[in-house]
Amino acid sequence: MNESQEMVKLTINNIPIEVPKGTKIMQAAKVLGIDIPHLCYHEDQRIKAHCRLCSVEVTGKKRLLAACSTEVWEGMDVHTDTQIVRDTQVSILQLMLANHHKDCLSCPRNQNCDLQRLCSRFNILKSNLPSVVKEVPRIETNPSIVRDPSKCIRCGRCIRACKDVQGIAALTYAGRSSDIVVTTAFNKPMEETDCILCGQCSLVCPTGAIVEKDDTQKVLDALQDNTKHVIVQVAPSVRVALGDAFGLEPGAIVTGQMVTALKLLGFDKVFDTNFGADLTIMEEGHEFLHRLNNGGVLPMMTSCSPGWVNYMEKHFPTCINHLSSAKSPMSMFGAIAKTYYAKQAGLKPQEIVTVSIMPCTAKKFEASRPEMGRDGYRDVDVVLTTRELIKLIKYVGLSIGQLPENDFDSPLGLSTGAGAIFGATGGVMEAALRTVYEKVTGKTLEKLEFMDVRGFEGIKEATVHLPGRDVHIAVAHTLKNARLIMEQVKKGTSPYDFIEIMACPGGCIGGGGQPIGTTNAIRKKRMAALYEIDKALPIRKSHENPDIQTLYQNFLGEPLGEKAHELLHTHYHQVDKPYTFN
Ligand code: SF4
Ligand code: SF4
Ligand code: SF4
Ligand code: FES
């Protein structure tokens, strides 16, 4: 607390408290351990004050005040638990329930739903108002996101996430008064709008109205099929987020326990997307050097965030040639699994099922792209979000915190610190710089940490001195920040040579498929955990990964070589017509 900050004294439920001027009642109460119920409020969003569930009594005021939007004042006397407050909160919840499809048992958010939790807290066992819910079918037209309007409580959190974080505004209110709904422009399926399937709306939705497409049954079925060899890869950011759902501290590193859980689930091999990240650095780093030395299109932009790739294809199609042609770590891994690994394991590609555990809903879309596969099979067969993995782990009754640790399997499980930091904004750039610098100079980097590209700032810049030329780089996360960079690229005024963009706040650690309850404060803890993992690893540069070196020696040849191009690179295209899905 700043010493010169003006303080305000007040009482909440007769308990005296002193808080900085400007504090809202909700936060002041939290200091005392009082949780004022809320639904439209979200700590990372600007205040909406729509739902009024946070109503409290303030002595001297005739009407109840919203605790989320009302600042405390000197001498304020707040009561959060009077009969009128309780009656108001129960009435609001009852009104919501009357307009809600209450099929909790079959709802994806069962036991992880704010509305359900609040009804339980207020002992609302049944609705006392006649139902006015309109039966609207679930909208399941794309591989990433499912909307269920009959579960929407019109809190507006999704609208704010899409507009204020991503700068996209694919969702909006429509209609009036009691007929108001949250929808897309002309009520089109999300994929036919400006939406890039990032899932940030699903992460903040307090109910089951916007959820990821559930593919867990596909994985359970594959695991039961004796004719299939089912392998799994896990993205760098999942291991620092998974613990949240099992009562561990945010940012807890559960790599070894997660591997054990996956083995117990029955996967034949448990591999690491971090290996794919090291491979991406080999290809993307060499592609950057090739562009730099041969007058290629600059700035080159990273392409491992599928929400960002979707954004480029939809919003800046004329700039697509700035995107690196390197596939994402997930898709590179899939291509290698169905070729190099298949050969080593003596299997046909069709016998292998590749499952990816990702922090991201847009990865489901990436895996479904026709470019991501060959000869009639896909690089990646099923993508599960972190949330779906949590479901599977709970399904078999495991608790991550108590499991023994295990190592990833070989030959696609060994990775470096560079691969680990891919999960945080700035991580791909830092990993690439570690390799690019050593390849260009032939010298060993004294200090591996590029602090200028670390942290939660929206746009970060740095200059790296290479022999004969300075390289200007930028790193941005969220598409609202990306747009600022892209306007310059589009005009041809960008001062940068190399740009990293991640669609989600904080990068993948804050992805749209991460556990419900993810906030910016939690994202920062996960980010710190990834840098901890990097620091503790014996190898911290992608080009020093011995299994990557073997892969090139025995199978791929050179980075950017013919085989590498065939398997590890792709192309993008303008999206001028709606996506179609099988
Ligand atoms: S959104 Fe919540 S309250 Fe509604 S059906 Fe799903 S779990 Fe139940
Ligand atoms: S998935 Fe992303 S882009 Fe699409 S509506 Fe949700 S927040 Fe907006
Ligand atoms: S879809 Fe979810 S986040 Fe959006 S308004 Fe409805 S309940 Fe709120
Ligand atoms: S939480 Fe305060 S009005 Fe909704």
# chains A, B, ... in the order shown; residues from 1 in each chain; ligands from 1
$ residues_around --residues "range 392-401 of chain A" --least-positions-apart "4" --cutoff "7 Å" --atoms "only C-alpha atoms" --output "PyMOL selection string"
chain A and resi 243+246+257-258+261+388
$ residues_near_ligand --ligand "ligand 3" --cutoff "12 Å" --atoms "only C-alpha atoms and all ligand atoms" --output "PyMOL selection string"
chain A and resi 38-42+45+48+50-51+96+99-100+109+113-115+145-162+170-174+180-184+199-211
$ select_by_dssp --residues "range 485-563 of chain A" --states "alpha helix (DSSP H)" --output "number ranges by chain"
A: 485-491, 520-536, 546-551, 562-563
$ write_last_selection --atoms "N, CA and C atoms" --output "tab-separated table (two decimals), in the first residue's frame"
chain	number	residue	atom	x	y	z
A	485	ILE	N	-0.03	-3.43	-33.83
A	485	ILE	CA	1.18	-3.79	-34.58
A	485	ILE	C	0.84	-4.03	-36.05
A	486	MET	N	-0.31	-4.67	-36.28
A	486	MET	CA	-0.68	-5.03	-37.65
A	486	MET	C	-1.03	-3.81	-38.51
A	487	GLU	N	-1.56	-2.77	-37.88
A	487	GLU	CA	-1.89	-1.56	-38.67
A	487	GLU	C	-0.60	-1.03	-39.29
A	488	GLN	N	0.50	-1.08	-38.52
A	488	GLN	CA	1.80	-0.61	-39.05
A	488	GLN	C	2.30	-1.54	-40.16
A	489	VAL	N	2.18	-2.85	-39.90
A	489	VAL	CA	2.66	-3.81	-40.90
A	489	VAL	C	1.89	-3.60	-42.21
A	490	LYS	N	0.59	-3.42	-42.09
A	490	LYS	CA	-0.26	-3.26	-43.28
A	490	LYS	C	0.14	-2.01	-44.07
A	491	LYS	N	0.47	-0.95	-43.31
A	491	LYS	CA	0.85	0.30	-44.00
A	491	LYS	C	2.29	0.27	-44.50
A	520	ASN	N	-5.87	-12.74	-14.50
A	520	ASN	CA	-4.53	-12.23	-14.83
A	520	ASN	C	-3.54	-12.49	-13.69
A	521	ALA	N	-4.01	-12.39	-12.45
A	521	ALA	CA	-3.11	-12.67	-11.32
A	521	ALA	C	-2.61	-14.11	-11.39
A	522	ILE	N	-3.49	-15.02	-11.75
A	522	ILE	CA	-3.11	-16.43	-11.87
A	522	ILE	C	-2.20	-16.64	-13.08
A	523	ARG	N	-2.50	-15.94	-14.17
A	523	ARG	CA	-1.65	-16.05	-15.37
A	523	ARG	C	-0.20	-15.69	-15.02
A	524	LYS	N	-0.03	-14.65	-14.22
A	524	LYS	CA	1.34	-14.23	-13.87
A	524	LYS	C	2.07	-15.31	-13.07
A	525	LYS	N	1.35	-16.00	-12.22
A	525	LYS	CA	1.98	-17.09	-11.43
A	525	LYS	C	2.38	-18.24	-12.34
A	526	ARG	N	1.52	-18.55	-13.32
A	526	ARG	CA	1.86	-19.63	-14.26
A	526	ARG	C	3.09	-19.23	-15.09
A	527	MET	N	3.14	-17.97	-15.46
A	527	MET	CA	4.26	-17.49	-16.26
A	527	MET	C	5.57	-17.67	-15.47
A	528	ALA	N	5.55	-17.27	-14.21
A	528	ALA	CA	6.75	-17.41	-13.35
A	528	ALA	C	7.14	-18.89	-13.26
A	529	ALA	N	6.14	-19.77	-13.20
A	529	ALA	CA	6.43	-21.21	-13.08
A	529	ALA	C	7.14	-21.72	-14.33
A	530	LEU	N	6.75	-21.24	-15.50
A	530	LEU	CA	7.42	-21.69	-16.74
A	530	LEU	C	8.89	-21.26	-16.75
A	531	TYR	N	9.16	-20.05	-16.28
A	531	TYR	CA	10.56	-19.61	-16.25
A	531	TYR	C	11.35	-20.42	-15.21
A	532	GLU	N	10.65	-20.86	-14.17
A	532	GLU	CA	11.30	-21.74	-13.18
A	532	GLU	C	11.67	-23.08	-13.83
A	533	ILE	N	10.74	-23.61	-14.62
A	533	ILE	CA	11.01	-24.89	-15.30
A	533	ILE	C	12.22	-24.73	-16.21
A	534	ASP	N	12.24	-23.65	-16.96
A	534	ASP	CA	13.36	-23.37	-17.89
A	534	ASP	C	14.68	-23.35	-17.13
A	535	LYS	N	14.69	-22.61	-16.05
A	535	LYS	CA	15.94	-22.41	-15.28
A	535	LYS	C	16.49	-23.73	-14.74
A	536	ALA	N	15.57	-24.64	-14.41
A	536	ALA	CA	16.00	-25.89	-13.77
A	536	ALA	C	16.44	-26.95	-14.77
A	546	PRO	N	19.39	-33.23	-27.86
A	546	PRO	CA	20.00	-34.35	-28.60
A	546	PRO	C	19.00	-35.15	-29.42
A	547	ASP	N	17.74	-35.24	-28.95
A	547	ASP	CA	16.75	-36.00	-29.72
A	547	ASP	C	16.30	-35.24	-30.97
A	548	ILE	N	16.36	-33.92	-30.90
A	548	ILE	CA	16.07	-33.11	-32.10
A	548	ILE	C	17.23	-33.29	-33.09
A	549	GLN	N	18.45	-33.29	-32.56
A	549	GLN	CA	19.62	-33.49	-33.44
A	549	GLN	C	19.52	-34.84	-34.15
A	550	THR	N	19.14	-35.88	-33.40
A	550	THR	CA	19.00	-37.22	-33.98
A	550	THR	C	17.90	-37.22	-35.04
A	551	LEU	N	16.81	-36.55	-34.76
A	551	LEU	CA	15.69	-36.48	-35.71
A	551	LEU	C	16.16	-35.90	-37.05
A	562	GLU	N	13.98	-30.41	-47.78
A	562	GLU	CA	12.78	-30.88	-48.49
A	562	GLU	C	11.80	-31.61	-47.57
A	563	LYS	N	12.35	-32.53	-46.78
A	563	LYS	CA	11.50	-33.33	-45.88
A	563	LYS	C	10.87	-32.43	-44.81
$ residues_around --residues "Ala367 in chain A" --least-positions-apart "6" --cutoff "8 Å" --atoms "only C-alpha atoms" --output "list in words"
Ser331, Arg378, Asp379, Val380, Asp381, Val382 and Val383 of chain A
$ closest_residue --among "A:Glu351, A:Asp244, A:Asp194, A:Asp272" --to "Val259 in chain A" --atoms "only C-alpha atoms"
A:Asp272
$ select_by_dssp --residues "range 303-379 of chain A" --states "strand (DSSP E or B)" --output "PyMOL selection string"
chain A and resi 323+326+352-358+373-374+377-378
$ write_last_selection --atoms "C-alpha atoms" --output "PDB file, in the first residue's frame"
ATOM      1  CA  LEU A 323       3.460 -15.247 -41.123  1.00  0.00           C
ATOM      2  CA  ALA A 326       6.403 -23.166 -39.770  1.00  0.00           C
ATOM      3  CA  ILE A 352      -1.773 -44.274 -34.343  1.00  0.00           C
ATOM      4  CA  VAL A 353      -4.196 -41.897 -32.631  1.00  0.00           C
ATOM      5  CA  THR A 354      -2.502 -38.619 -31.658  1.00  0.00           C
ATOM      6  CA  VAL A 355      -4.181 -36.784 -28.818  1.00  0.00           C
ATOM      7  CA  SER A 356      -3.075 -33.271 -27.874  1.00  0.00           C
ATOM      8  CA  ILE A 357      -3.715 -31.611 -24.538  1.00  0.00           C
ATOM      9  CA  MET A 358      -3.809 -27.905 -25.206  1.00  0.00           C
ATOM     10  CA  GLY A 373      -2.172 -33.946 -42.433  1.00  0.00           C
ATOM     11  CA  ARG A 374      -1.382 -36.016 -45.507  1.00  0.00           C
ATOM     12  CA  TYR A 377      -4.783 -38.913 -42.119  1.00  0.00           C
ATOM     13  CA  ARG A 378      -4.424 -35.989 -39.744  1.00  0.00           C
TER      14      ARG A 378
END
$ atom_distance --atom1 "CA of Met301 in chain A" --atom2 "CA of Asp375 in chain A"
29.0 Å
$ closest_residue --among "A:Met332, A:Met7, A:Val58, A:Val19" --to "Cys304 in chain A" --atoms "only C-alpha atoms"
A:Met332
$ closest_residue --among "A:Ala235, A:Leu32, A:Leu412, A:Ala67" --to "Thr386 in chain A" --atoms "only C-alpha atoms"
A:Ala235
$ atom_distance --atom1 "CA of Leu197 in chain A" --atom2 "atom 4 (Fe, counted along the ligand's line) of ligand 2"
4.4 Å
$ residues_around --residues "Gly507 in chain A" --least-positions-apart "3" --cutoff "8 Å" --atoms "only C-alpha atoms" --output "number ranges by chain"
A: 423-425, 477-478, 502-504, 510-511
$ closest_residue --among "A:Ser55, A:Gln83, A:Ser324, A:Thr216" --to "ligand 4" --atoms "only C-alpha atoms and all ligand atoms"
A:Ser55
$ closest_residue --among "A:Gln5, A:Thr82, A:Asn294, A:Asn310" --to "ligand 2" --atoms "only C-alpha atoms and all ligand atoms"
A:Asn310
